[in-house]
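For reference, structure-v2.cif is printed below; it contains mmCIF, C-alpha atoms.
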```cif
data_target
loop_
_atom_site.group_PDB
_atom_site.id
_atom_site.type_symbol
_atom_site.label_atom_id
_atom_site.label_comp_id
_atom_site.auth_asym_id
_atom_site.auth_seq_id
_atom_site.Cartn_x
_atom_site.Cartn_y
_atom_site.Cartn_z
ATOM 1 C CA MET A 1466 -56.348 84.975 86.828
ATOM 2 C CA SER A 1467 -55.292 86.011 90.326
ATOM 3 C CA THR A 1468 -56.349 89.444 91.556
ATOM 4 C CA GLU A 1469 -53.241 89.806 93.731
ATOM 5 C CA THR A 1470 -49.851 91.206 92.897
ATOM 6 C CA ILE A 1471 -47.075 90.973 95.450
ATOM 7 C CA TYR A 1472 -43.628 92.444 95.841
ATOM 8 C CA TRP A 1473 -41.034 92.411 98.596
ATOM 9 C CA ILE A 1474 -38.794 95.295 99.627
ATOM 10 C CA ASP A 1475 -35.601 94.918 101.620
ATOM 11 C CA GLU A 1476 -34.351 96.983 104.563
ATOM 12 C CA LYS A 1477 -33.193 99.712 102.126
ATOM 13 C CA ASP A 1478 -36.628 99.796 100.417
ATOM 14 C CA VAL A 1479 -35.293 98.125 97.271
ATOM 15 C CA ILE A 1480 -37.701 95.828 95.426
ATOM 16 C CA CYS A 1481 -36.082 92.414 95.750
ATOM 17 C CA GLN A 1482 -38.790 90.151 94.310
ATOM 18 C CA VAL A 1483 -42.211 90.238 92.622
ATOM 19 C CA SER A 1484 -44.862 87.553 92.342
ATOM 20 C CA GLY A 1485 -48.371 86.984 91.092
ATOM 21 C CA PRO A 1486 -49.546 88.409 87.781
ATOM 22 C CA TRP A 1487 -47.073 91.308 88.022
ATOM 23 C CA ASP A 1488 -46.014 91.453 84.364
ATOM 24 C CA ASP A 1489 -49.534 90.701 83.104
ATOM 25 C CA PHE A 1490 -50.907 93.675 85.070
ATOM 26 C CA ALA A 1491 -48.108 95.957 83.850
ATOM 27 C CA LEU A 1492 -48.590 94.996 80.203
ATOM 28 C CA GLU A 1493 -52.395 95.284 80.370
ATOM 29 C CA ASN A 1494 -51.887 98.883 81.488
ATOM 30 C CA ASN A 1495 -49.286 99.923 78.896
ATOM 31 C CA GLY A 1496 -46.591 99.666 81.537
ATOM 32 C CA SER A 1497 -43.886 97.592 79.891
ATOM 33 C CA GLU A 1498 -41.357 99.704 81.828
ATOM 34 C CA ALA A 1499 -42.967 98.383 85.044
ATOM 35 C CA CYS A 1500 -42.331 94.704 84.276
ATOM 36 C CA ALA A 1501 -40.352 92.692 86.808
ATOM 37 C CA ASN A 1502 -37.031 92.945 84.969
ATOM 38 C CA PHE A 1503 -37.240 96.762 85.210
ATOM 39 C CA VAL A 1504 -38.324 97.099 88.862
ATOM 40 C CA VAL A 1505 -36.453 94.355 90.743
ATOM 41 C CA GLY A 1506 -33.265 95.795 92.224
ATOM 42 C CA LYS A 1507 -34.553 99.366 92.259
ATOM 43 C CA PRO A 1508 -35.845 101.447 95.188
ATOM 44 C CA ILE A 1509 -39.619 101.557 95.516
ATOM 45 C CA TRP A 1510 -39.310 105.358 95.614
ATOM 46 C CA ASN A 1511 -38.403 105.349 91.906
ATOM 47 C CA PHE A 1512 -42.004 104.327 91.187
ATOM 48 C CA ILE A 1513 -43.976 106.630 93.490
ATOM 49 C CA VAL A 1514 -44.582 110.137 92.167
ATOM 50 C CA GLY A 1515 -44.902 113.104 94.510
ATOM 51 C CA ASP A 1516 -43.492 113.909 97.929
ATOM 52 C CA THR A 1517 -46.792 113.521 99.766
ATOM 53 C CA ALA A 1518 -47.408 110.091 98.203
ATOM 54 C CA ARG A 1519 -43.881 109.027 99.167
ATOM 55 C CA MET A 1520 -44.425 110.239 102.753
ATOM 56 C CA TRP A 1521 -47.753 108.344 102.920
ATOM 57 C CA MET A 1522 -46.153 105.119 101.715
ATOM 58 C CA ASN A 1523 -43.057 105.588 103.909
ATOM 59 C CA ALA A 1524 -45.289 105.959 106.988
ATOM 60 C CA ILE A 1525 -47.145 102.737 106.174
ATOM 61 C CA ILE A 1526 -43.941 100.776 105.491
ATOM 62 C CA GLY A 1527 -42.482 102.104 108.741
ATOM 63 C CA LEU A 1528 -45.589 101.111 110.687
ATOM 64 C CA SER A 1529 -45.382 97.582 109.292
ATOM 65 C CA ARG A 1530 -41.745 97.301 110.376
ATOM 66 C CA ILE A 1531 -42.360 98.764 113.832
ATOM 67 C CA LYS A 1532 -45.491 96.780 114.677
ATOM 68 C CA ARG A 1533 -44.331 93.580 112.917
ATOM 69 C CA GLU A 1534 -47.942 92.855 112.054
ATOM 70 C CA SER A 1535 -50.121 93.281 109.003
ATOM 71 C CA VAL A 1536 -51.058 96.830 108.004
ATOM 72 C CA GLU A 1537 -53.924 97.306 105.528
ATOM 73 C CA ARG A 1538 -54.972 100.364 103.546
ATOM 74 C CA GLN A 1539 -57.489 100.779 100.746
ATOM 75 C CA TYR A 1540 -56.564 102.800 97.686
ATOM 76 C CA ARG A 1541 -57.395 103.155 94.004
ATOM 77 C CA CYS A 1542 -55.411 102.125 90.959
ATOM 78 C CA ASP A 1543 -57.544 103.240 88.017
ATOM 79 C CA SER A 1544 -57.183 102.515 84.346
ATOM 80 C CA PRO A 1545 -58.654 104.917 81.783
ATOM 81 C CA SER A 1546 -61.933 102.979 81.671
ATOM 82 C CA LEU A 1547 -62.122 101.420 85.167
ATOM 83 C CA LYS A 1548 -62.126 102.610 88.751
ATOM 84 C CA ARG A 1549 -60.161 99.847 90.487
ATOM 85 C CA TYR A 1550 -60.670 99.602 94.236
ATOM 86 C CA MET A 1551 -57.682 97.925 95.855
ATOM 87 C CA MET A 1552 -56.463 96.715 99.233
ATOM 88 C CA MET A 1553 -52.774 96.975 100.105
ATOM 89 C CA ARG A 1554 -51.474 94.693 102.858
ATOM 90 C CA LEU A 1555 -47.986 95.091 104.236
ATOM 91 C CA GLN A 1556 -46.353 92.471 106.451
ATOM 92 C CA SER A 1557 -42.888 92.760 107.943
ATOM 93 C CA GLU A 1558 -40.968 89.524 107.512
ATOM 94 C CA ASP A 1559 -37.468 88.403 108.510
ATOM 95 C CA SER A 1560 -34.551 90.865 108.240
ATOM 96 C CA ASN A 1561 -36.843 93.869 107.784
ATOM 97 C CA ILE A 1562 -38.151 92.521 104.472
ATOM 98 C CA VAL A 1563 -41.672 93.844 103.881
ATOM 99 C CA ARG A 1564 -44.145 91.887 101.785
ATOM 100 C CA VAL A 1565 -46.519 94.256 99.965
ATOM 101 C CA GLU A 1566 -49.634 92.610 98.581
ATOM 102 C CA HIS A 1567 -52.162 94.377 96.360
ATOM 103 C CA GLU A 1568 -55.610 92.825 95.989
ATOM 104 C CA LEU A 1569 -58.278 93.976 93.549
ATOM 105 C CA LEU A 1570 -61.517 94.294 95.529
ATOM 106 C CA PHE A 1571 -63.903 95.450 92.775
ATOM 107 C CA THR A 1572 -64.177 97.691 89.732
ATOM 108 C CA GLU A 1573 -66.614 100.285 88.375
ATOM 109 C CA LEU A 1574 -66.784 101.816 84.916
ATOM 110 C CA MET A 1575 -65.211 105.239 84.431
ATOM 111 C CA ASP A 1576 -67.659 107.317 82.400
ATOM 112 C CA PRO A 1577 -66.266 108.948 80.402
ATOM 113 C CA PRO A 1578 -62.966 107.104 80.233
ATOM 114 C CA MET A 1579 -60.152 109.286 81.580
ATOM 115 C CA ASN A 1580 -56.565 109.449 80.433
ATOM 116 C CA PHE A 1581 -54.164 111.268 82.734
ATOM 117 C CA LYS A 1582 -50.736 112.610 81.973
ATOM 118 C CA TYR A 1583 -48.322 113.595 84.718
ATOM 119 C CA THR A 1584 -46.966 116.994 83.806
ATOM 120 C CA GLY A 1585 -44.974 118.016 86.848
ATOM 121 C CA ILE A 1586 -46.667 121.411 86.709
ATOM 122 C CA PRO A 1587 -46.285 123.207 90.051
ATOM 123 C CA LEU A 1588 -49.101 122.286 92.406
ATOM 124 C CA SER A 1589 -50.484 125.836 92.499
ATOM 125 C CA THR A 1590 -51.221 125.909 88.771
ATOM 126 C CA GLY A 1591 -52.135 122.357 87.742
ATOM 127 C CA ILE A 1592 -54.954 119.929 88.465
ATOM 128 C CA LEU A 1593 -54.043 117.679 91.361
ATOM 129 C CA ARG A 1594 -54.806 113.972 91.501
ATOM 130 C CA CYS A 1595 -54.716 112.149 94.823
ATOM 131 C CA SER A 1596 -52.228 109.279 94.724
ATOM 132 C CA VAL A 1597 -54.359 107.274 97.156
ATOM 133 C CA CYS A 1598 -58.048 107.730 96.214
ATOM 134 C CA ASN A 1599 -57.493 109.051 92.626
ATOM 135 C CA LYS A 1600 -59.881 111.978 93.079
ATOM 136 C CA ILE A 1601 -58.923 115.222 91.366
ATOM 137 C CA GLN A 1602 -58.992 118.697 92.849
ATOM 138 C CA VAL A 1603 -61.051 121.272 91.027
ATOM 139 C CA LYS A 1604 -61.948 124.642 92.562
ATOM 140 C CA GLU A 1605 -61.144 123.845 96.180
ATOM 141 C CA GLY A 1606 -62.894 120.447 96.173
ATOM 142 C CA TRP A 1607 -61.912 116.830 95.492
ATOM 143 C CA TYR A 1608 -64.099 114.923 93.001
ATOM 144 C CA GLU A 1609 -64.227 111.603 91.230
ATOM 145 C CA PRO A 1610 -62.568 112.228 87.840
ATOM 146 C CA ASP A 1611 -65.647 111.375 85.767
ATOM 147 C CA GLU A 1612 -67.845 113.497 88.072
ATOM 148 C CA ALA A 1613 -65.497 116.483 87.740
ATOM 149 C CA VAL A 1614 -65.475 116.262 83.940
ATOM 150 C CA HIS A 1615 -69.278 116.490 83.887
ATOM 151 C CA LYS A 1616 -69.695 119.030 86.702
ATOM 152 C CA PHE A 1617 -66.998 121.470 85.606
ATOM 153 C CA ASN A 1618 -67.116 120.782 81.871
ATOM 154 C CA LEU A 1619 -63.443 119.894 81.823
ATOM 155 C CA VAL A 1620 -62.347 119.549 78.246
ATOM 156 C CA THR A 1621 -59.688 116.997 77.500
ATOM 157 C CA ASP A 1622 -58.032 116.255 74.208
ATOM 158 C CA ASP A 1623 -56.481 112.847 74.668
ATOM 159 C CA PHE A 1624 -55.625 113.324 78.342
ATOM 160 C CA LEU A 1625 -56.064 115.490 81.403
ATOM 161 C CA SER A 1626 -52.796 117.025 82.648
ATOM 162 C CA ILE A 1627 -52.259 116.431 86.357
ATOM 163 C CA SER A 1628 -49.748 116.613 89.182
ATOM 164 C CA TYR A 1629 -49.842 114.176 92.087
ATOM 165 C CA ALA A 1630 -50.614 114.983 95.713
ATOM 166 C CA VAL A 1631 -52.538 113.387 98.564
ATOM 167 C CA CYS A 1632 -55.944 114.893 99.360
ATOM 168 C CA GLU A 1633 -56.759 116.051 102.881
ATOM 169 C CA LYS A 1634 -58.896 112.993 103.641
ATOM 170 C CA CYS A 1635 -56.182 110.549 102.595
ATOM 171 C CA ASP A 1636 -53.494 112.696 104.211
ATOM 172 C CA SER A 1637 -55.308 112.388 107.537
ATOM 173 C CA SER A 1638 -54.848 108.621 107.207
ATOM 174 C CA VAL A 1639 -51.079 109.246 107.532
ATOM 175 C CA ASP A 1640 -51.747 110.857 110.915
ATOM 176 C CA GLU A 1641 -53.813 107.764 111.756
ATOM 177 C CA VAL A 1642 -50.880 105.546 110.743
ATOM 178 C CA LEU A 1643 -48.491 107.521 112.928
ATOM 179 C CA ARG A 1644 -50.872 107.295 115.907
ATOM 180 C CA GLU A 1645 -50.950 103.508 115.466
ATOM 181 C CA ALA A 1646 -47.151 103.273 115.769
#
```

Reformat the file's structure so that it appears as structure tokens.
Amino acid sequence: MSTETIYWIDEKDVICQVSGPWDDFALENNGSEACANFVVGKPIWNFIVGDTARMWMNAIIGLSRIKRESVERQYRCDSPSLKRYMMMRLQSEDSNIVRVEHELLFTELMDPPMNFKYTGIPLSTGILRCSVCNKIQVKEGWYEPDEAVHKFNLVTDDFLSISYAVCEKCDSSVDEVLREA
């Protein structure tokens, strides 16, 4: 099975095509609502949670369009039991179409397995999860989820309630992107 999923967005940031094992990946992760027939024809912004994550992605898409060359960024796309280290490559093509390729680099076990639930709780009161590196913020610091559960004795029933943000380290990569433009 291929470790790459690919989609294309048009000049209005609408997903116009998907390729690779898109539906297989969605279904393996209980994401039937993320299958091709649900995402094609919709803006990418419908599928990115949180203003800071949207700004991060918008900066990278913009850089790809401006430079008209490949832009690469590492990120994480975890499942409850796996830390999945990914590479995202964006390439501007004809008519401001951007090809967005996601490649699985490697995985590590998540111990204990972690289930997250987006709650939309205001950032000042909830646990934050970085949309880029997947670390969670606990007591002024950003930690791997499994590390935080052990270190801070976080008790979860079936899931840990979170809101999305971008941690300071990943946020500084947006500044890096803008300097590259």

I need every residue sitting at most 8 Å from the point (-52.9, 114.0, 82.6) (coordinates as in the file, all atoms listed in the file considered), written as a list of chain:residue names. A:Asn1580, A:Phe1581, A:Lys1582, A:Tyr1583, A:Thr1584, A:Phe1624, A:Leu1625, A:Ser1626, A:Ile1627, A:Ser1628

CA of Ile1601 (chain A) to CA of Val1536 (chain A): how many Å, to one decimal? 26.0 Å

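With all atoms listed in the file as the basis for measurement, A:Ser1546 is the residue among A:Asn1618, A:Ser1546, A:Ser1529, A:Asn1502 that approaches Asp1576 (chain A) most closely.
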
May I have the protein, DNA and RNA residues with any atom at most 6 Å from the point (-37.5, 100.4, 97.5), counting only C-alpha atoms, written as a list of chain:residue names? A:Ile1474, A:Asp1478, A:Val1479, A:Ile1480, A:Pro1508, A:Ile1509, A:Trp1510

Using the chain letters and numbers from the file, give me the residues hit by the PyMOL selection byres ((chain A and resi 1473) around 10), as a compact mmCIF listing (two decimals) with C-alpha atoms, in the coordinates of the input.
```txt
# COMPACT_ATOMS: atom_id res chain seq x y z
CA ILE A 1471 -47.08 90.97 95.45
CA TYR A 1472 -43.63 92.44 95.84
CA ILE A 1474 -38.79 95.30 99.63
CA ASP A 1475 -35.60 94.92 101.62
CA ASP A 1478 -36.63 99.80 100.42
CA VAL A 1479 -35.29 98.12 97.27
CA ILE A 1480 -37.70 95.83 95.43
CA CYS A 1481 -36.08 92.41 95.75
CA GLN A 1482 -38.79 90.15 94.31
CA VAL A 1483 -42.21 90.24 92.62
CA SER A 1484 -44.86 87.55 92.34
CA VAL A 1505 -36.45 94.36 90.74
CA ILE A 1509 -39.62 101.56 95.52
CA LEU A 1555 -47.99 95.09 104.24
CA GLN A 1556 -46.35 92.47 106.45
CA SER A 1557 -42.89 92.76 107.94
CA GLU A 1558 -40.97 89.52 107.51
CA ILE A 1562 -38.15 92.52 104.47
CA VAL A 1563 -41.67 93.84 103.88
CA ARG A 1564 -44.14 91.89 101.78
CA VAL A 1565 -46.52 94.26 99.96
CA GLU A 1566 -49.63 92.61 98.58
```

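Distance-wise, CA of Asp1489 (chain A) and CA of Glu1568 (chain A) end up 14.4 Å apart.
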
Taking 5 positions as the minimum chain separation for residues in the same chain, which residues sit within 7 Å of Met1551 (chain A) when counting only C-alpha atoms? Answer as a PDB file with C-alpha atoms, in the frame of the given file.
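Written file, result38.pdb:
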```pdb
ATOM      1  CA  GLN A1539     -57.489 100.779 100.746  1.00  0.00           C
ATOM      2  CA  TYR A1540     -56.564 102.800  97.686  1.00  0.00           C
ATOM      3  CA  ARG A1541     -57.395 103.155  94.004  1.00  0.00           C
ATOM      4  CA  CYS A1542     -55.411 102.125  90.959  1.00  0.00           C
ATOM      5  CA  HIS A1567     -52.162  94.377  96.360  1.00  0.00           C
ATOM      6  CA  GLU A1568     -55.610  92.825  95.989  1.00  0.00           C
ATOM      7  CA  LEU A1569     -58.278  93.976  93.549  1.00  0.00           C
ATOM      8  CA  LEU A1570     -61.517  94.294  95.529  1.00  0.00           C
TER       9      LEU A1570
END
```

Among the residues A:Pro1578, A:Ile1592, A:Arg1549, A:Leu1619, the one that comes closest to Trp1607 (chain A) [using all atoms listed in the file]: A:Ile1592

I want to know what sits within 12 Å of Gly1527 (chain A), based on all atoms listed in the file, with residues of the same chain fewer than 2 positions away left out; could you give that as number ranges by chain? A: 1474, 1476-1478, 1519-1525, 1529-1536, 1555-1557, 1561-1563, 1639, 1642-1643, 1645-1646
